[in-house]
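Containing PDB, C-alpha atoms: protein.pdb.
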ATOM      1  CA  MET A  84     -31.848 -42.708  28.228  1.00  0.00           C
ATOM      2  CA  ALA A  85     -29.774 -40.956  25.568  1.00  0.00           C
ATOM      3  CA  ALA A  86     -26.014 -41.322  25.526  1.00  0.00           C
ATOM      4  CA  VAL A  87     -24.365 -38.467  27.424  1.00  0.00           C
ATOM      5  CA  ASN A  88     -21.051 -37.023  26.346  1.00  0.00           C
ATOM      6  CA  SER A  89     -18.490 -38.078  28.956  1.00  0.00           C
ATOM      7  CA  LEU A  90     -16.855 -34.655  28.855  1.00  0.00           C
ATOM      8  CA  GLU A  91     -19.966 -32.874  30.074  1.00  0.00           C
ATOM      9  CA  CYS A  92     -20.792 -34.725  33.283  1.00  0.00           C
ATOM     10  CA  THR A  93     -17.448 -35.671  34.793  1.00  0.00           C
ATOM     11  CA  GLY A  94     -17.557 -32.798  37.280  1.00  0.00           C
ATOM     12  CA  LYS A  95     -13.783 -32.308  37.311  1.00  0.00           C
ATOM     13  CA  GLY A  96     -13.351 -28.788  36.029  1.00  0.00           C
ATOM     14  CA  GLY A  97     -13.997 -26.726  32.984  1.00  0.00           C
ATOM     15  CA  LYS A  98     -12.656 -26.104  29.538  1.00  0.00           C
ATOM     16  CA  ASN A  99      -9.040 -25.620  30.614  1.00  0.00           C
ATOM     17  CA  ARG A 100      -8.880 -29.107  32.128  1.00  0.00           C
ATOM     18  CA  ARG A 101     -10.151 -30.698  28.934  1.00  0.00           C
ATOM     19  CA  ARG A 102      -7.704 -28.715  26.851  1.00  0.00           C
ATOM     20  CA  GLY A 103      -4.740 -30.146  28.727  1.00  0.00           C
ATOM     21  CA  LYS A 104      -1.388 -28.726  29.734  1.00  0.00           C
ATOM     22  CA  ASN A 105       1.081 -26.980  27.506  1.00  0.00           C
ATOM     23  CA  GLU A 106       3.756 -29.672  27.202  1.00  0.00           C
ATOM     24  CA  SER A 107       6.591 -27.479  25.943  1.00  0.00           C
ATOM     25  CA  GLU A 108       9.214 -28.694  28.395  1.00  0.00           C
ATOM     26  CA  GLU A 109      11.082 -30.739  25.821  1.00  0.00           C
ATOM     27  CA  LYS A 110      14.438 -29.433  24.637  1.00  0.00           C
ATOM     28  CA  ARG A 111      14.296 -27.630  21.334  1.00  0.00           C
ATOM     29  CA  GLU A 112      17.131 -26.677  19.056  1.00  0.00           C
ATOM     30  CA  LEU A 113      18.667 -23.263  19.709  1.00  0.00           C
ATOM     31  CA  ILE A 114      17.764 -20.908  16.885  1.00  0.00           C
ATOM     32  CA  PHE A 115      20.289 -18.225  15.952  1.00  0.00           C
ATOM     33  CA  LYS A 116      19.490 -15.015  14.100  1.00  0.00           C
ATOM     34  CA  GLU A 117      19.752 -14.804  10.340  1.00  0.00           C
ATOM     35  CA  ASP A 118      19.775 -11.891   7.886  1.00  0.00           C
ATOM     36  CA  GLY A 119      16.870  -9.566   8.553  1.00  0.00           C
ATOM     37  CA  GLN A 120      16.536 -10.727  12.172  1.00  0.00           C
ATOM     38  CA  GLU A 121      17.742  -9.290  15.464  1.00  0.00           C
ATOM     39  CA  TYR A 122      17.815 -10.244  19.148  1.00  0.00           C
ATOM     40  CA  ALA A 123      15.935  -7.938  21.512  1.00  0.00           C
ATOM     41  CA  GLN A 124      14.892  -7.581  25.136  1.00  0.00           C
ATOM     42  CA  VAL A 125      11.320  -6.578  25.943  1.00  0.00           C
ATOM     43  CA  LEU A 126      11.136  -3.169  27.613  1.00  0.00           C
ATOM     44  CA  ARG A 127       7.383  -2.817  28.100  1.00  0.00           C
ATOM     45  CA  MET A 128       4.156  -4.402  27.027  1.00  0.00           C
ATOM     46  CA  LEU A 129       1.754  -2.104  25.184  1.00  0.00           C
ATOM     47  CA  GLY A 130      -1.280  -4.352  24.823  1.00  0.00           C
ATOM     48  CA  ASN A 131      -3.123  -5.478  21.701  1.00  0.00           C
ATOM     49  CA  GLY A 132      -0.286  -7.850  20.825  1.00  0.00           C
ATOM     50  CA  ARG A 133       2.341  -5.127  20.756  1.00  0.00           C
ATOM     51  CA  LEU A 134       5.426  -4.366  22.808  1.00  0.00           C
ATOM     52  CA  GLU A 135       8.442  -2.104  22.920  1.00  0.00           C
ATOM     53  CA  ALA A 136      11.820  -3.819  22.709  1.00  0.00           C
ATOM     54  CA  TYR A 137      15.461  -2.795  22.880  1.00  0.00           C
ATOM     55  CA  CYS A 138      17.314  -4.432  20.004  1.00  0.00           C
ATOM     56  CA  MET A 139      20.936  -5.524  20.291  1.00  0.00           C
ATOM     57  CA  ASP A 140      21.884  -3.094  17.526  1.00  0.00           C
ATOM     58  CA  GLY A 141      21.111  -0.268  19.969  1.00  0.00           C
ATOM     59  CA  GLN A 142      17.682   0.762  18.709  1.00  0.00           C
ATOM     60  CA  LYS A 143      14.238   0.722  20.337  1.00  0.00           C
ATOM     61  CA  ARG A 144      11.526  -0.746  18.157  1.00  0.00           C
ATOM     62  CA  LEU A 145       7.766  -1.114  18.323  1.00  0.00           C
ATOM     63  CA  CYS A 146       7.096  -4.818  17.866  1.00  0.00           C
ATOM     64  CA  HIS A 147       4.047  -6.875  16.955  1.00  0.00           C
ATOM     65  CA  ILE A 148       3.562 -10.405  18.314  1.00  0.00           C
ATOM     66  CA  ARG A 149       2.728 -12.704  15.427  1.00  0.00           C
ATOM     67  CA  GLY A 150      -0.632 -14.443  15.435  1.00  0.00           C
ATOM     68  CA  LYS A 151       0.841 -17.917  15.865  1.00  0.00           C
ATOM     69  CA  MET A 152       2.328 -16.834  19.224  1.00  0.00           C
ATOM     70  CA  ARG A 153      -0.607 -14.843  20.589  1.00  0.00           C
ATOM     71  CA  LYS A 154      -2.362 -16.514  23.554  1.00  0.00           C
ATOM     72  CA  LYS A 155       0.022 -19.485  23.285  1.00  0.00           C
ATOM     73  CA  VAL A 156       3.447 -18.046  24.135  1.00  0.00           C
ATOM     74  CA  TRP A 157       3.304 -15.462  26.898  1.00  0.00           C
ATOM     75  CA  VAL A 158       5.865 -12.686  26.466  1.00  0.00           C
ATOM     76  CA  ASN A 159       6.795 -10.651  29.540  1.00  0.00           C
ATOM     77  CA  VAL A 160       8.990  -7.660  30.302  1.00  0.00           C
ATOM     78  CA  GLY A 161      12.659  -8.639  30.330  1.00  0.00           C
ATOM     79  CA  ASP A 162      12.276 -11.630  28.006  1.00  0.00           C
ATOM     80  CA  ILE A 163      14.751 -12.182  25.179  1.00  0.00           C
ATOM     81  CA  VAL A 164      13.001 -12.457  21.811  1.00  0.00           C
ATOM     82  CA  LEU A 165      13.970 -12.865  18.170  1.00  0.00           C
ATOM     83  CA  LEU A 166      12.627 -10.125  15.918  1.00  0.00           C
ATOM     84  CA  GLY A 167      12.031 -10.110  12.206  1.00  0.00           C
ATOM     85  CA  LEU A 168      13.035  -6.675  10.923  1.00  0.00           C
ATOM     86  CA  ARG A 169      10.990  -4.890   8.294  1.00  0.00           C
ATOM     87  CA  ASP A 170      12.588  -3.594   5.114  1.00  0.00           C
ATOM     88  CA  TYR A 171      10.134  -0.738   4.766  1.00  0.00           C
ATOM     89  CA  GLN A 172       9.890   0.338   8.442  1.00  0.00           C
ATOM     90  CA  ASP A 173      13.092   0.441  10.451  1.00  0.00           C
ATOM     91  CA  ASP A 174      11.401   1.456  13.711  1.00  0.00           C
ATOM     92  CA  LYS A 175       8.991  -1.521  13.694  1.00  0.00           C
ATOM     93  CA  ALA A 176       9.539  -5.279  13.864  1.00  0.00           C
ATOM     94  CA  ASP A 177       7.710  -8.567  14.383  1.00  0.00           C
ATOM     95  CA  VAL A 178       8.302 -11.010  17.261  1.00  0.00           C
ATOM     96  CA  ILE A 179       9.163 -14.375  15.733  1.00  0.00           C
ATOM     97  CA  LEU A 180      10.330 -16.372  18.756  1.00  0.00           C
ATOM     98  CA  LYS A 181      10.585 -16.107  22.525  1.00  0.00           C
ATOM     99  CA  TYR A 182      13.673 -17.674  24.061  1.00  0.00           C
ATOM    100  CA  MET A 183      13.311 -19.673  27.257  1.00  0.00           C
ATOM    101  CA  ALA A 184      15.585 -18.733  30.169  1.00  0.00           C
ATOM    102  CA  ASP A 185      18.133 -21.482  29.531  1.00  0.00           C
ATOM    103  CA  GLU A 186      18.179 -20.697  25.803  1.00  0.00           C
ATOM    104  CA  ALA A 187      18.874 -17.027  26.553  1.00  0.00           C
ATOM    105  CA  ARG A 188      21.731 -18.047  28.861  1.00  0.00           C
ATOM    106  CA  ASN A 189      23.160 -20.219  26.082  1.00  0.00           C
ATOM    107  CA  LEU A 190      22.946 -17.327  23.620  1.00  0.00           C
ATOM    108  CA  LYS A 191      24.838 -15.151  26.079  1.00  0.00           C
ATOM    109  CA  ALA A 192      27.453 -17.876  26.569  1.00  0.00           C
ATOM    110  CA  TYR A 193      27.926 -18.171  22.788  1.00  0.00           C
ATOM    111  CA  GLY A 194      28.523 -14.414  22.574  1.00  0.00           C
ATOM    112  CA  GLU A 195      25.359 -13.697  20.592  1.00  0.00           C
ATOM    113  CA  LEU A 196      24.037 -11.367  23.306  1.00  0.00           C
ATOM    114  CA  PRO A 197      26.120  -8.535  24.809  1.00  0.00           C
ATOM    115  CA  ASP A 198      27.331  -8.822  28.393  1.00  0.00           C
ATOM    116  CA  ASN A 199      25.307  -5.838  29.643  1.00  0.00           C
ATOM    117  CA  ILE A 200      22.010  -7.658  28.962  1.00  0.00           C
ATOM    118  CA  ARG A 201      20.559  -9.352  32.044  1.00  0.00           C
ATOM    119  CA  VAL A 202      18.475 -12.448  31.577  1.00  0.00           C
ATOM    120  CA  ASN A 203      15.613 -12.018  34.065  1.00  0.00           C
ATOM    121  CA  ASP A 204      15.099 -15.688  34.826  1.00  0.00           C
ATOM    122  CA  THR A 205      16.506 -15.742  38.367  1.00  0.00           C
ATOM    123  CA  ASP A 206      15.465 -12.264  39.458  1.00  0.00           C
ATOM    124  CA  THR A 207      13.164 -12.353  42.446  1.00  0.00           C
ATOM    125  CA  PHE A 208      11.264  -9.496  43.956  1.00  0.00           C
ATOM    126  CA  GLY A 209      12.824  -8.209  47.155  1.00  0.00           C
ATOM    127  CA  ASP A 210      16.414  -9.058  46.288  1.00  0.00           C
ATOM    128  CA  GLU A 211      17.550  -5.471  46.170  1.00  0.00           C
ATOM    129  CA  GLU A 212      18.496  -3.950  49.510  1.00  0.00           C
ATOM    130  CA  GLY A 213      17.017  -0.584  50.422  1.00  0.00           C
ATOM    131  CA  GLY A 214      14.459  -0.500  47.656  1.00  0.00           C
ATOM    132  CA  GLU A 215      11.814   2.192  47.554  1.00  0.00           C
ATOM    133  CA  ASN A 216       9.044  -0.252  48.502  1.00  0.00           C
ATOM    134  CA  ASP A 217      10.679  -1.448  51.705  1.00  0.00           C
ATOM    135  CA  ASP A 218       8.106  -0.799  54.428  1.00  0.00           C
ATOM    136  CA  TYR A 219       9.121  -2.246  57.758  1.00  0.00           C
ATOM    137  CA  ILE A 220       8.625  -1.584  61.451  1.00  0.00           C
ATOM    138  CA  ASP A 221      11.453  -1.714  63.945  1.00  0.00           C
ATOM    139  CA  PHE A 222       9.916  -2.722  67.276  1.00  0.00           C
ATOM    140  CA  ASP A 223      12.972  -1.548  69.228  1.00  0.00           C
ATOM    141  CA  ASP A 224      11.858   2.028  68.584  1.00  0.00           C
ATOM    142  CA  ILE A 225       8.471   1.401  70.221  1.00  0.00           C
ATOM    143  CA  SER A 226       9.986   0.257  73.525  1.00  0.00           C
ATOM    144  CA  GLU A 227      11.599   3.661  74.003  1.00  0.00           C
ATOM    145  CA  ILE A 228       8.237   5.472  73.976  1.00  0.00           C
TER     146      ILE A 228
END

Structure re-expressed in structure tokens:
Amino acid sequence: MAAVNSLECTGKGGKNRRRGKNESEEKRELIFKEDGQEYAQVLRMLGNGRLEAYCMDGQKRLCHIRGKMRKKVWVNVGDIVLLGLRDYQDDKADVILKYMADEARNLKAYGELPDNIRVNDTDTFGDEEGGENDDYIDFDDISEI
């Protein structure tokens, strides 16, 4: 019988199991902005590797996620990112780096980010009282009928 590749017949899952986990939990050095770069917070995702971000210089920019980050680093609304500004287009930029939640908190502690920016790492759905999506039934009202 011919030799069978051990990856094909193990029966323990598909391609994602063989690929392994993304082991990016190690601490990395905090990267500060340089000339031609700006911090920004993601406002909305547009699809096709693009997003709209609010830069810390007070301007909204249309941003493009660089190819090295696409499908490897997942950028979400509310994330703090580092943008590379374009000399020839002021209203467009390129996403260079996504900061993890603890890195964004450190940037805020160092005074790199303004105080009015909220880092959305601890926000949970349902924290706000009296939100518009609060659907509940009060059973005390039914007993009066």

What separation in Å, quoted to one decimal, exists between atom CA of A:Arg153 and atom CA of A:Met128?
->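 Going from atom CA of A:Arg153 over to atom CA of A:Met128, I get 13.2 Å.
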
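We find atom CA of A:Asn131 and atom CA of A:Glu195 to be spaced 29.7 Å apart.
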
Compile the contact shell of A:Ala136 as a ChimeraX atom specification: residues with an atom at most 7 Å away, counting all atoms listed in the file, same-chain residues fewer than 4 positions apart removed.
-> /A:123-126,143-146

Taking the file above as input, evaluate the PyMOL selection byres ((chain A and resi 166) around 8) and report the hits as a ChimeraX atom specification.
-> /A:120-123,146,164-165,167-168,176-180

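For the residues A:Trp157, A:Leu113, A:Leu129, A:Gln142, ranking by smallest atom-to-atom distance to A:Tyr193 using only C-alpha atoms places A:Leu113 first.
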
Interatomic distance, atom CA of A:Arg101 to atom CA of A:Ala184 (Å, one decimal) | 28.4 Å

For stretch 147-164 of chain A, what centre and edge lengths in Å (one decimal) does the axis-aligned box get once 6 Å is added on each side of all its listed atoms, as AutoDock Vina command-line options?
--center_x 6.2 --center_y -13.2 --center_z 22.9 --size_x 29.1 --size_y 24.6 --size_z 26.9

Which residue gives the smallest distance to A:Asp118 among A:Asp170, A:Arg201, A:Gly132, A:Lys191, with all atoms listed in the file counted?
-> A:Asp170
